[in-house]
$ cat protein_24.cif   # mmCIF, C-alpha atoms and all ligand atoms
data_entry
loop_
_atom_site.group_PDB
_atom_site.id
_atom_site.type_symbol
_atom_site.label_atom_id
_atom_site.label_comp_id
_atom_site.auth_asym_id
_atom_site.auth_seq_id
_atom_site.Cartn_x
_atom_site.Cartn_y
_atom_site.Cartn_z
ATOM 1 C CA MET A 1 95.726 105.245 132.589
ATOM 2 C CA ASP A 2 95.502 101.471 132.864
ATOM 3 C CA LYS A 3 99.031 100.012 133.154
ATOM 4 C CA GLU A 4 98.208 97.305 130.620
ATOM 5 C CA ALA A 5 97.513 99.632 127.698
ATOM 6 C CA LYS A 6 99.979 98.972 124.908
ATOM 7 C CA LEU A 7 100.450 100.118 121.351
ATOM 8 C CA TYR A 8 102.010 97.301 119.320
ATOM 9 C CA ILE A 9 103.705 98.068 116.008
ATOM 10 C CA VAL A 10 103.268 94.819 114.131
ATOM 11 C CA ALA A 11 105.168 93.824 110.973
ATOM 12 C CA THR A 12 103.182 91.819 108.409
ATOM 13 C CA PRO A 13 104.360 89.925 105.279
ATOM 14 C CA ILE A 14 105.659 91.764 102.187
ATOM 15 C CA GLY A 15 104.329 89.066 99.863
ATOM 16 C CA ASN A 16 104.556 85.588 101.289
ATOM 17 C CA LEU A 17 101.928 85.112 104.011
ATOM 18 C CA GLU A 18 104.045 82.428 105.668
ATOM 19 C CA ASP A 19 106.461 85.155 106.726
ATOM 20 C CA ILE A 20 104.104 86.354 109.461
ATOM 21 C CA SER A 21 105.486 85.589 112.917
ATOM 22 C CA ALA A 22 103.704 83.471 115.511
ATOM 23 C CA ARG A 23 103.881 86.464 117.870
ATOM 24 C CA ALA A 24 102.329 88.784 115.292
ATOM 25 C CA ILE A 25 99.330 86.442 115.000
ATOM 26 C CA ALA A 26 99.037 86.144 118.783
ATOM 27 C CA VAL A 27 99.223 89.918 119.324
ATOM 28 C CA LEU A 28 96.708 90.638 116.547
ATOM 29 C CA ARG A 29 94.330 88.174 118.234
ATOM 30 C CA GLU A 30 94.839 89.499 121.749
ATOM 31 C CA VAL A 31 94.598 93.264 121.298
ATOM 32 C CA ASP A 32 91.297 95.143 121.564
ATOM 33 C CA LEU A 33 91.672 96.887 118.229
ATOM 34 C CA VAL A 34 93.769 96.617 115.064
ATOM 35 C CA ALA A 35 94.498 99.938 113.365
ATOM 36 C CA ALA A 36 95.215 99.298 109.680
ATOM 37 C CA GLU A 37 96.355 101.443 106.763
ATOM 38 C CA ASP A 38 93.680 99.910 104.533
ATOM 39 C CA THR A 39 91.032 97.946 106.415
ATOM 40 C CA ARG A 40 89.786 96.102 103.312
ATOM 41 C CA HIS A 41 93.321 94.958 102.466
ATOM 42 C CA SER A 42 94.095 93.901 106.040
ATOM 43 C CA ALA A 43 90.722 92.145 106.439
ATOM 44 C CA LYS A 44 92.032 89.511 104.003
ATOM 45 C CA LEU A 45 95.173 88.947 106.105
ATOM 46 C CA MET A 46 93.075 88.730 109.274
ATOM 47 C CA GLN A 47 90.666 86.302 107.653
ATOM 48 C CA HIS A 48 93.528 84.115 106.421
ATOM 49 C CA PHE A 49 94.799 83.740 110.002
ATOM 50 C CA ALA A 50 91.309 83.544 111.561
ATOM 51 C CA ILE A 51 91.810 86.764 113.515
ATOM 52 C CA THR A 52 88.501 88.369 114.496
ATOM 53 C CA THR A 53 89.754 91.499 116.326
ATOM 54 C CA PRO A 54 87.852 94.649 115.242
ATOM 55 C CA LEU A 55 89.617 96.739 112.601
ATOM 56 C CA THR A 56 89.802 100.499 112.402
ATOM 57 C CA SER A 57 91.502 102.662 109.840
ATOM 58 C CA HIS A 58 94.723 104.600 110.393
ATOM 59 C CA HIS A 59 96.555 106.129 107.443
ATOM 60 C CA ASP A 60 98.675 109.093 106.343
ATOM 61 C CA PHE A 61 95.581 111.277 106.072
ATOM 62 C CA SER A 62 94.169 110.438 109.495
ATOM 63 C CA SER A 63 93.195 113.704 111.163
ATOM 64 C CA ASP A 64 94.412 114.806 114.594
ATOM 65 C CA THR A 65 90.920 113.964 115.885
ATOM 66 C CA GLU A 66 91.197 110.414 114.533
ATOM 67 C CA ILE A 67 94.647 109.991 116.087
ATOM 68 C CA GLN A 68 93.311 111.374 119.367
ATOM 69 C CA ARG A 69 90.513 108.786 119.270
ATOM 70 C CA LEU A 70 93.127 105.999 119.231
ATOM 71 C CA LEU A 71 95.103 107.699 122.007
ATOM 72 C CA ASP A 72 91.893 107.940 124.064
ATOM 73 C CA GLU A 73 91.316 104.210 123.619
ATOM 74 C CA LEU A 74 94.874 103.558 124.813
ATOM 75 C CA ALA A 75 94.413 105.951 127.741
ATOM 76 C CA ALA A 76 91.274 103.988 128.655
ATOM 77 C CA GLY A 77 93.409 100.855 128.977
ATOM 78 C CA LYS A 78 92.733 99.283 125.584
ATOM 79 C CA SER A 79 95.576 97.715 123.608
ATOM 80 C CA ILE A 80 95.983 98.506 119.932
ATOM 81 C CA ALA A 81 98.045 96.889 117.179
ATOM 82 C CA LEU A 82 99.104 99.065 114.269
ATOM 83 C CA ILE A 83 99.676 97.346 110.929
ATOM 84 C CA SER A 84 100.295 98.625 107.408
ATOM 85 C CA ASP A 85 99.477 97.066 104.038
ATOM 86 C CA ALA A 86 102.800 95.214 104.028
ATOM 87 C CA GLY A 87 105.999 95.056 106.023
ATOM 88 C CA THR A 88 106.895 97.182 109.008
ATOM 89 C CA PRO A 89 104.658 100.165 109.823
ATOM 90 C CA LEU A 90 106.350 103.617 109.739
ATOM 91 C CA ILE A 91 108.978 102.414 107.224
ATOM 92 C CA SER A 92 107.706 104.504 104.269
ATOM 93 C CA ASP A 93 104.308 103.808 105.838
ATOM 94 C CA PRO A 94 101.855 105.621 108.160
ATOM 95 C CA GLY A 95 102.143 105.689 111.950
ATOM 96 C CA TYR A 96 104.820 108.180 112.956
ATOM 97 C CA PRO A 97 102.519 110.843 114.540
ATOM 98 C CA LEU A 98 100.616 108.158 116.451
ATOM 99 C CA VAL A 99 103.804 106.586 117.835
ATOM 100 C CA ALA A 100 105.321 109.971 118.741
ATOM 101 C CA LYS A 101 102.163 111.115 120.511
ATOM 102 C CA ALA A 102 101.707 107.784 122.330
ATOM 103 C CA ARG A 103 105.303 108.004 123.602
ATOM 104 C CA ALA A 104 104.783 111.590 124.726
ATOM 105 C CA LEU A 105 101.817 110.382 126.780
ATOM 106 C CA GLY A 106 103.890 107.645 128.402
ATOM 107 C CA ILE A 107 102.012 104.848 126.642
ATOM 108 C CA GLN A 108 104.091 101.691 126.083
ATOM 109 C CA VAL A 109 104.935 101.284 122.405
ATOM 110 C CA LEU A 110 106.217 97.808 121.598
ATOM 111 C CA PRO A 111 107.557 96.379 118.338
ATOM 112 C CA VAL A 112 106.517 93.013 116.939
ATOM 113 C CA PRO A 113 109.341 92.800 114.390
ATOM 114 C CA GLY A 114 109.165 90.969 111.103
ATOM 115 C CA PRO A 115 109.398 91.568 107.358
ATOM 116 C CA SER A 116 110.569 94.813 105.834
ATOM 117 C CA ALA A 117 111.529 95.112 102.162
ATOM 118 C CA VAL A 118 114.589 97.265 102.910
ATOM 119 C CA ILE A 119 116.165 94.661 105.199
ATOM 120 C CA ALA A 120 115.126 91.707 103.020
ATOM 121 C CA ALA A 121 116.774 93.314 99.967
ATOM 122 C CA LEU A 122 119.962 94.268 101.823
ATOM 123 C CA SER A 123 120.309 90.758 103.220
ATOM 124 C CA VAL A 124 120.589 89.205 99.749
ATOM 125 C CA ALA A 125 122.129 92.037 97.700
ATOM 126 C CA GLY A 126 125.757 91.028 97.992
ATOM 127 C CA ILE A 127 126.554 94.723 98.444
ATOM 128 C CA ALA A 128 128.152 95.875 101.698
ATOM 129 C CA CYS A 129 125.503 96.556 104.338
ATOM 130 C CA ASP A 130 127.673 97.290 107.371
ATOM 131 C CA SER A 131 126.624 100.886 106.814
ATOM 132 C CA PHE A 132 123.575 101.888 104.790
ATOM 133 C CA ARG A 133 121.337 104.866 104.257
ATOM 134 C CA PHE A 134 117.634 104.235 103.670
ATOM 135 C CA GLU A 135 116.160 106.931 101.444
ATOM 136 C CA GLY A 136 112.631 105.576 100.921
ATOM 137 C CA PHE A 137 111.092 106.816 97.668
ATOM 138 C CA LEU A 138 113.001 109.243 95.441
ATOM 139 C CA PRO A 139 111.020 112.298 94.285
ATOM 140 C CA ALA A 140 108.504 111.581 91.513
ATOM 141 C CA LYS A 141 109.632 114.434 89.246
ATOM 142 C CA SER A 142 112.817 113.817 87.285
ATOM 143 C CA SER A 143 114.319 117.264 88.030
ATOM 144 C CA GLN A 144 113.817 116.801 91.796
ATOM 145 C CA ARG A 145 115.015 113.220 91.601
ATOM 146 C CA CYS A 146 118.250 114.228 89.842
ATOM 147 C CA LYS A 147 118.842 116.927 92.434
ATOM 148 C CA ARG A 148 118.461 114.395 95.249
ATOM 149 C CA LEU A 149 120.702 111.899 93.449
ATOM 150 C CA GLN A 150 123.359 114.581 92.982
ATOM 151 C CA GLN A 151 123.303 115.245 96.723
ATOM 152 C CA LEU A 152 123.655 111.509 97.396
ATOM 153 C CA ALA A 153 126.273 110.785 94.713
ATOM 154 C CA VAL A 154 129.233 111.134 97.085
ATOM 155 C CA GLU A 155 127.660 109.150 99.944
ATOM 156 C CA SER A 156 130.003 106.292 100.761
ATOM 157 C CA SER A 157 127.405 104.187 102.603
ATOM 158 C CA THR A 158 125.182 101.844 100.627
ATOM 159 C CA LEU A 159 121.975 103.597 99.567
ATOM 160 C CA VAL A 160 118.571 101.929 99.611
ATOM 161 C CA PHE A 161 115.507 103.195 97.732
ATOM 162 C CA TYR A 162 111.951 102.002 97.307
ATOM 163 C CA GLU A 163 110.613 102.330 93.782
ATOM 164 C CA SER A 164 107.336 101.822 91.950
ATOM 165 C CA PRO A 165 106.794 100.110 88.590
ATOM 166 C CA HIS A 166 105.823 103.442 86.989
ATOM 167 C CA ARG A 167 109.169 105.027 87.757
ATOM 168 C CA ILE A 168 111.726 102.220 87.850
ATOM 169 C CA ALA A 169 113.044 102.830 84.299
ATOM 170 C CA ALA A 170 113.136 106.618 84.700
ATOM 171 C CA SER A 171 114.874 106.428 88.082
ATOM 172 C CA LEU A 172 117.586 104.112 86.789
ATOM 173 C CA ALA A 173 118.079 106.389 83.764
ATOM 174 C CA ASP A 174 118.465 109.376 86.111
ATOM 175 C CA MET A 175 120.979 107.467 88.237
ATOM 176 C CA ALA A 176 122.994 106.655 85.116
ATOM 177 C CA SER A 177 123.004 110.289 84.025
ATOM 178 C CA VAL A 178 123.854 111.756 87.441
ATOM 179 C CA LEU A 179 126.423 109.235 88.722
ATOM 180 C CA THR A 180 129.760 109.745 87.018
ATOM 181 C CA ASP A 181 130.780 106.189 87.958
ATOM 182 C CA SER A 182 127.584 104.557 86.630
ATOM 183 C CA SER A 183 129.559 102.142 84.445
ATOM 184 C CA SER A 184 131.284 100.665 87.490
ATOM 185 C CA ARG A 185 129.006 101.414 90.459
ATOM 186 C CA ARG A 186 126.895 98.364 91.293
ATOM 187 C CA ILE A 187 123.187 98.283 91.921
ATOM 188 C CA PHE A 188 121.035 95.427 93.193
ATOM 189 C CA ILE A 189 117.408 95.394 92.105
ATOM 190 C CA ALA A 190 115.082 93.296 94.251
ATOM 191 C CA ARG A 191 111.786 92.780 92.469
ATOM 192 C CA GLU A 192 108.718 91.178 94.070
ATOM 193 C CA LEU A 193 110.593 89.908 97.126
ATOM 194 C CA THR A 194 109.147 86.710 98.633
ATOM 195 C CA LYS A 195 106.492 86.534 95.881
ATOM 196 C CA LYS A 196 105.916 84.034 93.070
ATOM 197 C CA PHE A 197 107.690 86.096 90.396
ATOM 198 C CA GLU A 198 110.567 87.347 92.545
ATOM 199 C CA SER A 199 113.621 88.292 90.506
ATOM 200 C CA HIS A 200 116.960 89.955 91.177
ATOM 201 C CA PHE A 201 119.531 91.907 89.208
ATOM 202 C CA LEU A 202 123.093 92.699 90.273
ATOM 203 C CA GLY A 203 125.374 94.671 87.998
ATOM 204 C CA SER A 204 126.426 98.201 87.126
ATOM 205 C CA VAL A 205 123.900 101.045 87.057
ATOM 206 C CA ASP A 206 124.400 101.302 83.277
ATOM 207 C CA GLU A 207 123.727 97.579 82.844
ATOM 208 C CA SER A 208 120.579 97.770 84.972
ATOM 209 C CA ILE A 209 118.892 99.901 82.306
ATOM 210 C CA ALA A 210 119.346 97.142 79.731
ATOM 211 C CA TRP A 211 118.010 94.595 82.259
ATOM 212 C CA VAL A 212 114.776 96.535 82.729
ATOM 213 C CA GLN A 213 114.380 97.003 78.968
ATOM 214 C CA ALA A 214 115.090 93.343 78.193
ATOM 215 C CA ASP A 215 111.750 92.074 79.524
ATOM 216 C CA ASP A 216 108.464 93.919 80.193
ATOM 217 C CA ASN A 217 108.066 91.881 83.383
ATOM 218 C CA ASN A 218 111.236 93.452 84.777
ATOM 219 C CA SER A 219 109.431 96.756 85.234
ATOM 220 C CA ARG A 220 106.333 95.211 86.866
ATOM 221 C CA GLY A 221 105.717 94.786 90.583
ATOM 222 C CA GLU A 222 107.451 96.234 93.619
ATOM 223 C CA PHE A 223 111.117 97.186 93.804
ATOM 224 C CA VAL A 224 113.921 97.852 96.224
ATOM 225 C CA LEU A 225 117.103 99.388 94.800
ATOM 226 C CA VAL A 226 120.347 98.821 96.692
ATOM 227 C CA LEU A 227 123.013 101.140 95.324
ATOM 228 C CA GLU A 228 126.665 100.678 96.205
ATOM 229 C CA GLY A 229 128.172 103.672 98.014
ATOM 230 C CA ALA A 230 130.649 106.018 96.339
ATOM 231 C CA GLN A 231 134.305 105.072 96.582
ATOM 232 C CA GLN A 232 135.860 106.486 99.713
ATOM 233 C CA ALA A 233 137.555 109.825 99.077
ATOM 234 C CA GLY A 234 141.311 109.403 98.751
ATOM 235 C CA ASP A 235 140.988 105.875 97.423
ATOM 236 C CA ASP A 236 142.403 106.519 94.032
ATOM 237 C CA GLU A 237 144.106 108.996 91.793
ATOM 238 C CA LYS A 238 140.823 110.124 90.200
ATOM 239 C CA VAL A 239 139.621 111.450 93.534
ATOM 240 C CA ALA A 240 142.904 113.292 94.067
ATOM 241 C CA GLU A 241 142.493 114.879 90.622
ATOM 242 C CA LEU A 242 138.941 115.886 91.440
ATOM 243 C CA ARG A 243 140.073 117.483 94.668
ATOM 244 C CA ARG A 244 142.704 119.515 92.807
ATOM 245 C CA ALA A 245 139.994 120.572 90.348
ATOM 246 C CA ARG A 246 137.726 121.547 93.230
ATOM 247 C CA ALA A 247 140.481 123.767 94.651
ATOM 248 C CA VAL A 248 140.730 125.515 91.279
ATOM 249 C CA ALA A 249 136.943 125.880 91.063
ATOM 250 C CA ARG A 250 136.811 127.369 94.578
ATOM 251 C CA LEU A 251 139.298 130.049 93.517
ATOM 252 C CA LEU A 252 137.309 130.808 90.363
ATOM 253 C CA LEU A 253 134.106 130.995 92.411
ATOM 254 C CA GLN A 254 135.328 134.280 93.867
ATOM 255 C CA ASP A 255 134.608 135.944 90.512
ATOM 256 C CA LEU A 256 132.361 133.523 88.642
ATOM 257 C CA SER A 257 129.055 131.690 89.004
ATOM 258 C CA THR A 258 129.217 128.047 90.167
ATOM 259 C CA LYS A 259 128.325 126.817 86.670
ATOM 260 C CA ARG A 260 131.075 128.847 84.995
ATOM 261 C CA ALA A 261 133.664 128.098 87.705
ATOM 262 C CA VAL A 262 133.004 124.346 87.415
ATOM 263 C CA ALA A 263 133.145 124.456 83.599
ATOM 264 C CA LEU A 264 136.447 126.350 83.554
ATOM 265 C CA ALA A 265 138.056 124.310 86.336
ATOM 266 C CA ALA A 266 137.072 121.100 84.541
ATOM 267 C CA GLU A 267 138.638 122.388 81.330
ATOM 268 C CA ILE A 268 141.846 123.497 83.053
ATOM 269 C CA THR A 269 142.353 120.257 85.010
ATOM 270 C CA GLY A 270 140.847 117.749 82.574
ATOM 271 C CA VAL A 271 138.317 116.212 85.008
ATOM 272 C CA ARG A 272 134.682 115.505 84.131
ATOM 273 C CA LYS A 273 132.412 118.491 84.640
ATOM 274 C CA ASN A 274 129.566 116.481 86.207
ATOM 275 C CA ALA A 275 131.898 114.769 88.672
ATOM 276 C CA LEU A 276 133.329 118.105 89.731
ATOM 277 C CA TYR A 277 129.875 119.625 90.057
ATOM 278 C CA THR A 278 128.799 116.753 92.320
ATOM 279 C CA LEU A 279 131.855 117.288 94.505
ATOM 280 C CA MET A 280 131.160 121.026 94.697
ATOM 281 C CA LEU A 281 127.705 120.247 96.095
ATOM 282 C CA GLU A 282 129.461 118.898 99.213
ATOM 283 C CA ASP A 283 130.516 122.478 99.948
ATOM 284 C CA GLU A 284 126.860 123.503 100.113
ATOM 285 C CA ASP A 285 125.934 120.865 102.718
HETATM 286 N N1 LIG B 1 106.575 99.269 105.227
HETATM 287 C C1 LIG B 1 107.037 98.529 104.097
HETATM 288 C C2 LIG B 1 108.313 97.777 104.477
HETATM 289 O O1 LIG B 1 108.586 97.624 105.659
HETATM 290 O O2 LIG B 1 109.027 97.335 103.589
HETATM 291 C C3 LIG B 1 107.221 99.412 102.888
HETATM 292 C C4 LIG B 1 105.984 100.130 102.474
HETATM 293 S S1 LIG B 1 106.191 101.171 101.084
HETATM 294 C C5 LIG B 1 104.669 102.008 101.026
HETATM 295 C C6 LIG B 1 105.974 100.074 99.730
HETATM 296 C C7 LIG B 1 107.271 99.908 98.930
HETATM 297 O O3 LIG B 1 108.118 98.962 99.576
HETATM 298 C C8 LIG B 1 107.048 99.349 97.528
HETATM 299 O O4 LIG B 1 106.724 100.369 96.607
HETATM 300 C C9 LIG B 1 108.402 98.740 97.241
HETATM 301 O O5 LIG B 1 109.323 99.737 96.860
HETATM 302 C C10 LIG B 1 108.789 98.187 98.615
HETATM 303 N N2 LIG B 1 108.311 96.809 98.737
HETATM 304 C C11 LIG B 1 107.323 96.362 99.520
HETATM 305 N N3 LIG B 1 107.152 95.029 99.346
HETATM 306 C C12 LIG B 1 108.071 94.642 98.438
HETATM 307 C C13 LIG B 1 108.410 93.402 97.832
HETATM 308 N N4 LIG B 1 107.750 92.279 98.127
HETATM 309 N N5 LIG B 1 109.412 93.369 96.938
HETATM 310 C C14 LIG B 1 110.093 94.491 96.622
HETATM 311 N N6 LIG B 1 109.808 95.697 97.157
HETATM 312 C C15 LIG B 1 108.819 95.778 98.052
#
$ encode --input "protein_24.cif" --output "structure tokens"
Amino acid sequence: MDKEAKLYIVATPIGNLEDISARAIAVLREVDLVAAEDTRHSAKLMQHFAITTPLTSHHDFSSDTEIQRLLDELAAGKSIALISDAGTPLISDPGYPLVAKARALGIQVLPVPGPSAVIAALSVAGIACDSFRFEGFLPAKSSQRCKRLQQLAVESSTLVFYESPHRIAASLADMASVLTDSSSRRIFIARELTKKFESHFLGSVDESIAWVQADDNNSRGEFVLVLEGAQQAGDDEKVAELRRARAVARLLLQDLSTKRAVALAAEITGVRKNALYTLMLEDED
């Protein structure tokens, strides 16, 4: 294999074309081939920056044969740049199998860093980002989404989700119903980052529902949700009460179903059933 062959993973703008880096433009010009998620979409970006490098398609449904074709090009000494429709490839975007296989073959894989909606949103949220957990898109079905949210409810790190306009209202409603602290837990909604109609919301999960309902435009476009982490266990008396209730529920579990044990333990100790149920899920992890 030619030593010069390189696979570049190139970040492109998430809205504002001026966010492209000088190096991204240079690399896109210099490589032999640009592999793009949607060639028609990326042709516009290339045209805007007068980049004439040939484009080929690479997406989530690319077959093993198509991936192999790119690996063969690399093995023959050609350099390839991978781009997605917006932001950083592989971050809720195609490219993982290609990168993994290229690495396994000893091909150099180099990042050309730049925009990514997750980092852009975190950087302006005003919610702690010293530790965060990126979850990508929540499941599309409400039942699955609630299940996932229940599993995440006790996570103390900040949580970041991508969301589409079709599901923003439903996802926030599910968060409000699953999170027992939805009246106090803060959420930052980043809408249309870097674009003309960019807007932000910061408030409680409960308040966010009213924000979306207040204006039809608030449910249009692209969204990142930055959800504050759960309060650290042991922080307050409520958590201590919940732990006592969990101990009771664990005893009852010896003879009863989880549902019944949680209901009875909640009644005996006076804690909220949903909060106790969420805590019990930790035992299943
Ligand atoms: N790879 C991209 C990145 O690095 O951010 C993400 C691709 S993912 C398929 C697309 C999702 O990212 C959108 O549905 C939205 O949740 C989020 N997103 C992308 N651009 C955005 C923007 N300008 N404002 C808010 N969210 C955005």
$ closest_residue --input "protein_24.cif" --among "A:Leu122, A:Leu74, A:Ile209, A:Ala104" --to "ligand LIG 1 (chain B)" --atoms "only C-alpha atoms and all ligand atoms"
A:Leu122
$ resolve_selection --input "protein_24.cif" --expression "the PyMOL selection byres (((chain A and resi 250) around 12) and not hetatm)" --output "number ranges by chain"
A: 243-249, 251-266, 276-277, 279-281, 283
$ residues_near_ligand --input "protein_24.cif" --ligand "ligand LIG 1 (chain B)" --cutoff "6 Å" --atoms "all atoms listed in the file" --output "PyMOL selection string"
chain A and resi 14-15+86-89+91-93+116-118+162-164+190-194+222-224
$ resolve_selection --input "protein_24.cif" --expression "the PyMOL selection byres (((chain A and resi 152) around 12) and not hetatm)" --output "PyMOL selection string"
chain A and resi 133-135+138+145-151+153-161+175+178-179+227-230+278-279+281-282+285
$ atom_distance --input "protein_24.cif" --atom1 "CA of Ala75 (chain A)" --atom2 "CA of Arg40 (chain A)"
26.7 Å
$ resolve_selection --input "protein_24.cif" --expression "the PyMOL selection byres (((chain A and resi 27-30) around 10) and not hetatm)" --output "PyMOL selection string"
chain A and resi 8-10+21-26+31-34+46+49-54+79-83+112
$ atom_distance --input "protein_24.cif" --atom1 "CA of His58 (chain A)" --atom2 "CA of Gly77 (chain A)"
19.0 Å
$ atom_distance --input "protein_24.cif" --atom1 "CA of Leu17 (chain A)" --atom2 "CA of Ser199 (chain A)"
18.1 Å
$ closest_residue --input "protein_24.cif" --among "A:Leu90, A:Ile168, A:Glu241, A:Ala176" --to "Arg220 (chain A)" --atoms "all atoms listed in the file"
A:Ile168
$ residues_around --input "protein_24.cif" --residues "Ser177 (chain A)" --least-positions-apart "3" --cutoff "10 Å" --atoms "only C-alpha atoms" --output "MDAnalysis selection string"
chainID A and resid 146 149:150 171:174 180:182 205:206 274
